[in-house]
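First comes the structure, then the notes that go with it.
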Amino acid sequence: MSILVLGGAGYIGSHMVDRLVENGASVIVVDNLVTGHRAAINPAAKFYQGDVRNATFLNKVFDQETISAVVHFAAFSIVPESMAKPLKYFDNNTGGMITLLEVMQAHDVKQIVFSSTAATYGTPERIPIKETDPQVPINPYGASKLMMEHIMHWADVAYGIKFVALRYFNVAGAKPDGSIGEDHGPETHLVPIILQVAQGKRDELKLFGDDYQTPDGTNVRDYVHVLDLADAHILALKYLAAGNDSNAFNLGSSTGFSNRQMLAAAREVTGQPIPAVIAPRRPGDPDSLVAASDKARQVLGWQPKYDDVNDIIKTAWAWTQKHPNGYDDRQ
Ligand code: NAD
């Protein structure tokens, strides 16, 4: 029996594939490489290049392989792009989920672990955010992911396909040996952007607003290491394999760090000055986003190992130094 990882050539998916292979699992990767990298996939995994929305292709993969469970990372995830091109997001993310569940149902595969997001909560009413808090997304990306959660719920009711929705907060870091890491084009995440300034690829870091309701005025976010995240997915697979019911969990460190704190940590780790300027606020940035992730700890037995942002940044810096141009595969 194999685990099928959709989006296994992406940033988080490639770390998940690597972790599964290390644990001795048989792993199948499906990815259309729209944002992923062929070189990121652990060579022990079997790779099918293709699109999740292509039912003919996906049925063929399920016909050829014996799949016990699916881990679904394949999606678009850039919030401002989703505001400009909402249909692109509903087509790929939400549409892809419908095709996937149809194929899973046809092949009697009844377990899925899904990449959801803090963006499904929108602007939180309180911090830390609990799984039971209202999900009111404020952008098409968050809406597309919330719709995917709802679709999985109704597929569970009708067909008994059990799911775990993992709502990630800010994912960062890399495999500590620097062999795989984060390489998005364009890059929109704070840690790799700060490190691009440290590398001299950007002149300065823009801090978007310093008058938020936070201790130092800059936005506060919750950072979770990509390997801790991968471990949570492995626990979620075990949870489903044990016959448990569908469920949703936040994945964060439960500790918030401001953009200024992240910058200070990156200056310390890299030894670089990393110039920064204050820029105007961006629309739609909540003051703070911090997860209550005690449910994942209690129910799944999740124990994140990276609770220090310096350590998270150190691993990202190891990847950046080893791969100054990322996977270097853009046309
Ligand atoms: P990524 O872009 O690096 O990875 C996504 C992968 O899916 C890529 O390899 C891409 O080629 C593939 N893909 C996309 N659409 C596809 C399709 N239709 N068919 C086949 N392959 C397809 O993104 P990431 O940062 O690794 O994020 C992975 C998942 O986690 C996404 O679903 C994202 O919404 C979610 N998430 C990420 C973060 C974060 O901080 N990075 C936070 C919350 C949620």
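For the structure tokens, the naming scheme is as follows: chains receive sequential letters (A, B, ...) according to their order of presentation, residues are indexed from 1 within each chain, and ligands are indexed from 1 in presentation order.
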(request) Write as a PyMOL selection string the residues around ligand 1, taking 8 Å as the cut-off and counting only C-alpha atoms and all ligand atoms. (result) chain A and resi 6-14+30-37+49-53+72-77+92-93+96+114-119+141+145+167-172+182-184+189
Extract, using only C-alpha atoms, all DNA, RNA and protein residues at most 10 Å from Trp319 of chain A, discarding same-chain residues fewer than 6 positions from it, and format them as a compact mmCIF listing (two decimals) with N, CA and C atoms, in the first residue's frame.
```
# COMPACT_ATOMS: atom_id res chain seq x y z
N GLY A 173 11.19 27.45 7.24
CA GLY A 173 12.29 26.52 7.50
C GLY A 173 12.47 25.53 6.37
N ALA A 174 13.44 24.64 6.57
CA ALA A 174 13.80 23.68 5.53
C ALA A 174 14.43 22.47 6.22
N LYS A 175 14.63 21.42 5.43
CA LYS A 175 15.37 20.27 5.97
C LYS A 175 16.75 20.77 6.41
N PRO A 176 17.17 20.47 7.65
CA PRO A 176 18.39 21.12 8.17
C PRO A 176 19.65 20.89 7.34
N ASP A 177 19.73 19.79 6.56
CA ASP A 177 20.94 19.58 5.75
C ASP A 177 20.96 20.48 4.50
N GLY A 178 19.90 21.27 4.30
CA GLY A 178 19.89 22.22 3.18
C GLY A 178 19.65 21.57 1.83
N SER A 179 19.22 20.31 1.80
CA SER A 179 19.06 19.62 0.51
C SER A 179 17.74 19.98 -0.18
N ILE A 180 16.70 20.27 0.59
CA ILE A 180 15.44 20.76 0.02
C ILE A 180 14.99 21.97 0.82
N GLY A 181 14.18 22.82 0.19
CA GLY A 181 13.76 24.04 0.89
C GLY A 181 12.70 24.77 0.12
N GLU A 182 12.52 26.05 0.47
CA GLU A 182 11.43 26.84 -0.10
C GLU A 182 11.92 27.62 -1.31
N ASP A 183 11.26 27.44 -2.45
CA ASP A 183 11.63 28.16 -3.68
C ASP A 183 10.36 28.47 -4.46
N ILE A 313 14.81 29.75 11.31
CA ILE A 313 15.52 30.58 10.32
C ILE A 313 16.87 29.95 9.96
N GLY A 326 17.92 28.77 -5.46
CA GLY A 326 16.85 27.78 -5.30
C GLY A 326 17.15 26.54 -6.13
```
(message) Taking only segment 48-275 of chain A into account, list the residues labelled strand (DSSP E or B) by DSSP (computed from the backbone), as a count of residues only.
(response) 44
(request) Measure the distance from atom CA of Asp210 of chain A to atom CA of Ala265 of chain A in Å and round it to one decimal. (result) 17.8 Å
Mind running segment 92-111 of chain A against segment 147-159 of chain A at 8 Å and telling me each contacting residue's nearest atom pair with the distance in Å (one decimal), counting only C-alpha atoms, chain and number ascending, as CSV?
```
residue,atom,partner,partner_atom,distance
A:Asn93,CA,A:Met148,CA,7.5
A:Thr94,CA,A:Met148,CA,5.6
A:Met97,CA,A:Met148,CA,6.4
A:Ile98,CA,A:Ile151,CA,7.5
A:Leu101,CA,A:Ala155,CA,7.4
A:Gln105,CA,A:Tyr159,CA,7.1
```
Keeping only C-alpha atoms, take the residues you just selected and write them out as a short mmCIF file (atom, residue, chain, number, x, y, z; two decimals), in the first residue's frame.
```cif
data_model
loop_
_atom_site.label_atom_id
_atom_site.label_comp_id
_atom_site.auth_asym_id
_atom_site.auth_seq_id
_atom_site.Cartn_x
_atom_site.Cartn_y
_atom_site.Cartn_z
CA ASN A 93 -8.25 24.40 -5.62
CA THR A 94 -11.99 23.76 -5.30
CA MET A 97 -10.96 18.64 -4.89
CA ILE A 98 -14.18 17.56 -6.65
CA LEU A 101 -12.94 12.88 -4.37
CA GLN A 105 -14.74 7.23 -4.32
#
```
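Reported to one decimal place, the separation of atom CA of Met16 of chain A from atom CA of Phe57 of chain A is 22.8 Å.
Across the model, the gap from atom CA of Pro137 of chain A to atom CA of Glu125 of chain A is 12.4 Å.
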(request) Might you pull out every residue within 10 Å of Pro80 of chain A, with only C-alpha atoms counted and same-chain residues fewer than 2 positions away left off, and present them as number ranges by chain? (result) A: 77-78, 82-86, 139-141, 188, 283-284
Please produce a file of those selected residues containing C-alpha atoms, as an mmCIF file, in the first residue's frame.
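The resulting file, out_0.cif, is reproduced below:
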```
data_model
loop_
_atom_site.group_PDB
_atom_site.id
_atom_site.type_symbol
_atom_site.label_atom_id
_atom_site.label_comp_id
_atom_site.auth_asym_id
_atom_site.auth_seq_id
_atom_site.Cartn_x
_atom_site.Cartn_y
_atom_site.Cartn_z
ATOM 1 C CA SER A 77 -1.890 29.850 -2.474
ATOM 2 C CA ILE A 78 -0.965 33.484 -3.202
ATOM 3 C CA SER A 82 -6.447 35.188 -5.667
ATOM 4 C CA MET A 83 -7.999 38.664 -5.278
ATOM 5 C CA ALA A 84 -7.103 39.505 -8.896
ATOM 6 C CA LYS A 85 -7.890 36.054 -10.353
ATOM 7 C CA PRO A 86 -10.494 34.401 -8.114
ATOM 8 C CA ASN A 139 -10.087 36.480 0.155
ATOM 9 C CA PRO A 140 -10.804 33.924 -2.614
ATOM 10 C CA TYR A 141 -7.816 31.782 -1.575
ATOM 11 C CA THR A 188 5.620 36.058 -0.935
ATOM 12 C CA PRO A 283 -5.146 45.950 2.825
ATOM 13 C CA GLY A 284 -6.456 42.891 4.654
#
```
(request) Rank nothing, just name the residue among A:Pro304, A:Arg330, A:Asn250, A:Glu22 nearest to Pro186 of chain A, using only C-alpha atoms. (result) A:Arg330
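Nearest residue to Trp302 of chain A, choosing from A:Arg281, A:His233, A:Arg38, A:Arg126 and counting only C-alpha atoms: A:His233.
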(message) Between A:Arg297, A:His323, A:Arg260, A:Lys130, which residue has the minimum interatomic distance to Ile274 of chain A, considering only C-alpha atoms?
(response) A:Arg260
(request) Name all residues at most 12 Å from Asp294 of chain A (count only C-alpha atoms; drop same-chain ones fewer than 2 positions away) and give them as a PyMOL selection string. (result) chain A and resi 128-131+249-255+291-292+296-304
(message) Residues near segment 200-207 of chain A, anyone? I mean within 10 Å using only C-alpha atoms, not counting same-chain ones fewer than 4 positions away, as a PyMOL selection string.
(response) chain A and resi 190+193-196+218-219+259-260+263+272-282+324-325
